[in-house]
Number of protein chains: 2
Amino acid sequence: MPAPTPYLQVDLVRMRRNVRDAAERASVAQVALRPHAKTHKSVEIARLQLASGAAGLTVATIGEAEVFVRHGCDDVFIAYPLWLDDRSAGRLRDLADRATVAIGVDSSDAAANAARLLGGTAVEVLVEVDSGQHRTGCHPDDAGVVASVAARGGLRVRGVFTFPGHSYSPGAGPSAAQDERRALAAARDALQAHGLDVRVLSGGSTPSLWDTDAGTVGEVRPGVYVFGDAQQWELGTMSPDEIALTAVATVVSHAGGRAVLDAGSKVLGADRAAYATGHGRLLDHPAARIVALSEHHAVVDLAGSPLPRLGETVRVVPNHVCAAVNLADTLWVEEHGSLRSWTVSARGRNS
Amino acid sequence: MPAPTPYLQVDLVRMRRNVRDAAERASVAQVALRPHAKTHKSVEIARLQLASGAAGLTVATIGEAEVFVRHGCDDVFIAYPLWLDDRSAGRLRDLADRATVAIGVDSSDAAANAARLLGGTAVEVLVEVDSGQHRTGCHPDDAGVVASVAARGGLRVRGVFTFPGHSYSPGAGPSAAQDERRALAAARDALQAHGLDVRVLSGGSTPSLWDTDAGTVGEVRPGVYVFGDAQQWELGTMSPDEIALTAVATVVSHAGGRAVLDAGSKVLGADRAAYATGHGRLLDHPAARIVALSEHHAVVDLAGSPLPRLGETVRVVPNHVCAAVNLADTLWVEEHGSLRSWTVSARGRNS
């Protein structure tokens with residue numbers, strides 16, 4: 001073992017295949033792939049994605065953008081409705097000196113605020129619209145007004161984006177992709193009605209990815225596809241043999257006739273969607289479920305299979321891989337039996 | 001603001017009061033207080049606890065123990081049923097050269113394994129018993145056998161410990177404390193029946209803390225009491241004016257007529273107990289609830305109160321403060337209007 005358990009291990013053969021397959025499918029569909037780097041937060045993985053044809057990176061925060069630009073990425077989209085102040089605007093101007101940078105706005109107030117601070121600079125904006133997740137984003141019909149405020153304030157409007165996050169429910173991928181198409185098309189029309197050019201309609205999530213209407217949507221921003229996780233497994237959008245990241249954990253106890261592992265919520269994250277069947281799964285025991293999770297304990301019900309021995313290691317599939325990666329400083333990367341470590345350079349860059 | 005939002009802020013006046021009050025109550029009850037440092041993972045806070053009379057620190061991992069011993073703590077109890085190998089045993093021997101060190105075991109197999117690797121060293125063991133949480137720990141009646149295996153293998157047996165984690169349910173503190181007393185008393189009797197001396201019966205959790213029977217339990221290991229969180233608020237074990245840590249977040253959107261904050265699960269953690277009324281609360285808006293949480297978004301229902309303005313900052317109370325602290329590199333500490341930063345030195349030390 002490269003490190004004491006628990007630690008995160010990447011199966012590089014699988015991960016390369018996931019990266020390559022998505023790039024090829026996007027290429028065939030003639031849609032630009034702009035992977036969300038919040039999932040891996042790792043410079044090496046970003047480089048693999050860019051080398052395989054990604055149009056640039058998506059990130060969630062200015063801090064993440066700074067890490068990837070510092071390491072050579074020249075095109076980042078902060079797909080988040082930032083509320084800017086002098087300090088954050090200054091950081092964006094610095095970034096725009098070194099890379100192509102875009103941010104999100106989802107209201108006329110936010111557009112006016114961004115224009116006041118960044119009008120006339122190279123920082124571009126995309127208007128976020130709500131396609132059904134009901135988190136952030138304006139109504140598609142309002143996107144024209146928001147974009148006009150930005151444009152009149154001297155901001156370069158690149159287009160429109162949405163996150164069809166309601167795809168994260170069993171069977172919801174196709175309908176979420178339909179909603180995405182409708183919302184982006186309506187927003188495009190709204191911008192054009194205001195005389196604005198629309199260069200990019202950006203969407204995509206891992207569960208809805210290949211249901212996306214590439215005739216409408218020009219760019220997709222999936223994140224999780226690179227590793228997979230128990231959520232994708234349970235949604236049926238990725239199969240267990242595509243899962244490329246696991247937490248290696250040791251069985252420390254057989255208390256109560258169950259296996260208790262040393263990987264808890266401080267390693268796996270505590271995400272548990274309504275459709276999840278447990279707090280995580282074991283890659284090599286598909287029927288097993290983590291039935292209780294605390295900070296340093298995962299209690300596993302083996303569903304009648306023999307318990308792994310005390311001291312044995314098992315591979316845990318986190319429910320939500322983005323959360324697990326953000327808890328780790330290092331990914332241990334395995335390829336054909338050799339191991340190396342990659343730093344999670346953007347871990348904790350929440351602002 | 002000391003940093004871009006979101007960031008964690010500690011109200012030092014409140015935190016000092018929490019530390020002092022617990023120390024005084026423990027002193028009056030004649031029970032040793034060994035705070036669990038997994039909550040704060042911060043050297044400065046450990047020093048405050050030790051200076052106020054704590055008997056030593058509790059930690060969850062060898063890595064946490066290494067951080068606190070390196071910074072001068074001379075007594076650490078790793079309250080976890082470790083499964084040791086050569087590497088971890090070596091790290092414990094190194095620690096025992098510099099501090100008093102104890103670990104947990106919860107089975108005869110684990111005791112035999114620990115004895116094989118650490119018999120004859122200064123590392124002490126406590127037998128973990130299950131008092132009702134049903135996570136780890138042997139049955140109290142079996143503690144004598146486990147302790148005997150350890151003692152025969154040359155390990156110094158300090159006593160018995162339990163975590164009455166089933167106190168984390170509304171109104172459950174007193175009954176969990178009863179269970180704790182019974183389990184520790186039974187385990188003490190079991191050790192004594194094997195001719196073993198029992199120096200320490202260790203228990204305690206923040207919700208059950210002041211229901212603990214100090215006539216039986218000689219040491220308590222609460223962690224969360226230092227900061228409080230929304231769980232303690234909702235359990236009624238701490239009041240809002242005792243909460244000493246919040247995540248300072250900016251309102252970035254009013255989409256859907258709700259306030260959306262830039263502090264998501266990568267800042268607050270994703271813990272949501274069955275009894276939780278939301279994904280976190282706002283300290284200054286007690287009726288408000290975080291009704292949806294994703295990695296960088298907290299969607300807040302203000303329960304009819306006016307929305308905080310776009311760009312305004314609010315103070316978020318995480319559901320589970322241990323998870324939130326483990327996501328941060330820095331705590332911003334406020335006292336009488338002045339701010340300083342403390343490093344979360346043991347963040348991510350999961351092994």
# chains A, B, ... in the order shown; residues from 1 in each chain; ligands from 1
>>> residues_around(residues="Ala176 (chain B)", least_positions_apart="4", cutoff="12 Å", atoms="only C-alpha atoms", output="PDB file with C-alpha atoms, in the first residue's frame")
ATOM      1  CA  ASP B 130     -20.931  -0.768  22.671  1.00  0.00           C
ATOM      2  CA  SER B 131     -23.330   1.153  24.906  1.00  0.00           C
ATOM      3  CA  GLY B 132     -26.137   1.333  22.347  1.00  0.00           C
ATOM      4  CA  GLN B 133     -24.877   3.117  19.266  1.00  0.00           C
ATOM      5  CA  THR B 162     -17.581   3.912  24.934  1.00  0.00           C
ATOM      6  CA  PHE B 163     -19.194   6.520  22.714  1.00  0.00           C
ATOM      7  CA  PRO B 164     -22.903   6.876  23.459  1.00  0.00           C
ATOM      8  CA  GLY B 165     -23.571   8.164  19.980  1.00  0.00           C
ATOM      9  CA  HIS B 166     -27.253   7.254  20.176  1.00  0.00           C
ATOM     10  CA  SER B 167     -27.513  10.463  22.208  1.00  0.00           C
ATOM     11  CA  TYR B 168     -27.778  12.163  18.790  1.00  0.00           C
ATOM     12  CA  SER B 169     -31.573  12.037  18.654  1.00  0.00           C
ATOM     13  CA  PRO B 170     -34.106  14.437  20.153  1.00  0.00           C
ATOM     14  CA  GLY B 171     -34.492  13.825  23.885  1.00  0.00           C
ATOM     15  CA  ALA B 172     -32.116  10.866  23.836  1.00  0.00           C
ATOM     16  CA  GLU B 180     -23.355   4.518  28.991  1.00  0.00           C
ATOM     17  CA  ARG B 181     -23.260   4.110  32.769  1.00  0.00           C
ATOM     18  CA  ARG B 182     -24.584   0.567  32.604  1.00  0.00           C
ATOM     19  CA  ALA B 183     -22.204  -0.493  29.818  1.00  0.00           C
ATOM     20  CA  GLY B 203     -17.477   8.073  27.962  1.00  0.00           C
ATOM     21  CA  GLY B 204     -19.259  11.220  26.989  1.00  0.00           C
ATOM     22  CA  SER B 205     -20.733  12.930  23.975  1.00  0.00           C
ATOM     23  CA  THR B 206     -21.852  16.523  23.748  1.00  0.00           C
ATOM     24  CA  PRO B 207     -25.616  15.737  23.832  1.00  0.00           C
ATOM     25  CA  SER B 208     -25.335  13.367  26.809  1.00  0.00           C
ATOM     26  CA  LEU B 209     -22.512  15.197  28.552  1.00  0.00           C
ATOM     27  CA  TRP B 210     -24.237  16.579  31.633  1.00  0.00           C
ATOM     28  CA  ASP B 211     -26.427  13.544  32.053  1.00  0.00           C
ATOM     29  CA  THR B 212     -23.314  11.406  32.449  1.00  0.00           C
ATOM     30  CA  ASP B 213     -23.137   9.591  35.770  1.00  0.00           C
TER      31      ASP B 213
END
>>> interface_residues(of="chain B", to="chain A", cutoff="8 Å", atoms="only C-alpha atoms", output="PyMOL selection string")
chain B and resi 4-6+60+81-84+87-88+106-107+134-138+250-256+260+265-267+269-271+292+295-297+299+310-311+323+326-329+348+350-351
>>> residues_around(residues="Gly153 (chain B)", least_positions_apart="4", cutoff="10 Å", atoms="only C-alpha atoms", output="list in words")
Ala111, Ala112, Asn113, Ala114, Ala115, Arg116, Leu117, Leu118, Gly119, Gly120, Ala147, Ser148 and Val149 of chain B
>>> select_by_dssp(residues="region 49-209 of chain B", states="strand (DSSP E)", output="MDAnalysis selection string")
chainID B and resid 57:59 75:81 100:105 124:128 156:161 200:203
>>> select_by_dssp(residues="region 108-330 of chain B", states="helix (DSSP H, G or I)", output="VMD selection string")
chain B and resid 108 to 118 140 to 152 165 to 167 173 to 193 209 to 211 224 to 226 230 to 235 240 to 242 255 to 257 265 to 268 321 to 325
>>> closest_residue(among="A:Val316, A:Ala150, A:Ala276, A:Ala244", to="Val333 (chain A)", atoms="only C-alpha atoms")
A:Ala244
>>> residues_around(residues="region 285-287 of chain A", least_positions_apart="6", cutoff="10 Å", atoms="only C-alpha atoms", output="VMD selection string")
chain A and resid 240 301 to 305 314 to 316
>>> residues_around(residues="Arg340 (chain B)", least_positions_apart="2", cutoff="12 Å", atoms="only C-alpha atoms", output="VMD selection string")
chain B and resid 1 to 3 8 to 12 44 330 to 338 342 to 343
>>> write_last_selection(atoms="N, CA and C atoms", output="compact mmCIF listing (two decimals), in the first residue's frame")
# COMPACT_ATOMS: atom_id res chain seq x y z
N MET B 1 -14.03 42.30 5.62
CA MET B 1 -13.94 40.85 5.65
C MET B 1 -12.48 40.41 5.53
N PRO B 2 -12.09 39.41 6.30
CA PRO B 2 -10.68 38.99 6.28
C PRO B 2 -10.34 38.20 5.03
N ALA B 3 -11.32 37.59 4.41
CA ALA B 3 -11.06 36.70 3.27
C ALA B 3 -12.30 36.72 2.39
N LEU B 8 -14.81 30.25 7.39
CA LEU B 8 -15.28 29.92 8.74
C LEU B 8 -14.78 30.96 9.72
N GLN B 9 -15.69 31.41 10.58
CA GLN B 9 -15.36 32.44 11.57
C GLN B 9 -15.68 31.90 12.96
N VAL B 10 -14.75 32.12 13.86
CA VAL B 10 -14.94 31.69 15.25
C VAL B 10 -15.16 32.93 16.12
N ASP B 11 -16.20 32.88 16.93
CA ASP B 11 -16.45 33.90 17.93
C ASP B 11 -15.68 33.48 19.18
N LEU B 12 -14.52 34.11 19.39
CA LEU B 12 -13.60 33.62 20.42
C LEU B 12 -14.17 33.82 21.83
N GLU B 44 -4.22 25.85 18.56
CA GLU B 44 -4.54 26.94 19.49
C GLU B 44 -5.71 26.57 20.39
N THR B 330 -8.24 27.19 7.27
CA THR B 330 -8.05 28.31 8.19
C THR B 330 -9.34 28.61 8.94
N LEU B 331 -9.23 28.92 10.21
CA LEU B 331 -10.34 29.50 10.96
C LEU B 331 -10.03 30.98 11.17
N TRP B 332 -10.99 31.84 10.86
CA TRP B 332 -10.83 33.26 11.13
C TRP B 332 -11.45 33.55 12.48
N VAL B 333 -10.62 34.03 13.40
CA VAL B 333 -10.99 34.10 14.81
C VAL B 333 -11.21 35.55 15.19
N GLU B 334 -12.41 35.85 15.65
CA GLU B 334 -12.80 37.22 15.97
C GLU B 334 -12.95 37.37 17.48
N GLU B 335 -12.34 38.42 18.01
CA GLU B 335 -12.49 38.73 19.43
C GLU B 335 -12.47 40.24 19.59
N HIS B 336 -13.56 40.76 20.14
CA HIS B 336 -13.67 42.20 20.38
C HIS B 336 -13.28 43.01 19.14
N GLY B 337 -13.75 42.54 17.99
CA GLY B 337 -13.56 43.31 16.77
C GLY B 337 -12.24 43.07 16.06
N SER B 338 -11.31 42.38 16.69
CA SER B 338 -10.05 42.10 15.97
C SER B 338 -10.07 40.67 15.45
N TRP B 342 -6.23 31.13 12.47
CA TRP B 342 -5.64 29.93 13.04
C TRP B 342 -5.67 28.85 11.96
N THR B 343 -4.59 28.09 11.89
CA THR B 343 -4.51 27.00 10.92
C THR B 343 -5.20 25.75 11.46
>>> atom_distance(atom1="CA of Asp241 (chain B)", atom2="CA of Gly278 (chain B)")
19.4 Å
>>> residues_around(residues="Ala102 (chain B)", least_positions_apart="2", cutoff="6 Å", atoms="only C-alpha atoms", output="CSV table (one decimal) with N, CA and C atoms, in the first residue's frame")
chain,number,residue,atom,x,y,z
B,77,PHE,N,-5.3,10.2,23.6
B,77,PHE,CA,-6.0,9.0,23.5
B,77,PHE,C,-6.7,8.9,22.1
B,123,VAL,N,2.7,2.1,25.0
B,123,VAL,CA,1.4,2.4,24.5
B,123,VAL,C,0.3,1.6,25.3
B,124,GLU,N,-0.7,2.4,25.8
B,124,GLU,CA,-1.7,1.7,26.6
B,124,GLU,C,-3.0,1.5,25.7
B,125,VAL,N,-3.8,0.6,26.2
B,125,VAL,CA,-5.1,0.3,25.5
B,125,VAL,C,-6.3,0.4,26.4
>>> residues_around(residues="region 15-26 of chain B", least_positions_apart="2", cutoff="9 Å", atoms="only C-alpha atoms", output="list in words")
Val10, Asp11, Leu12, Val13, Val28, Ala29, Gln30, Val31, Ala32, Leu33, Leu48, Gln49, Ser52, Gly53, Ala54, Trp210, Ala214, Glu219, Val220, Tyr225, Val226, Phe227, Gly228, Glu242, Ile243, Ala244 and Leu245 of chain B
>>> atom_distance(atom1="CA of Gln232 (chain B)", atom2="CA of Arg14 (chain B)")
15.1 Å
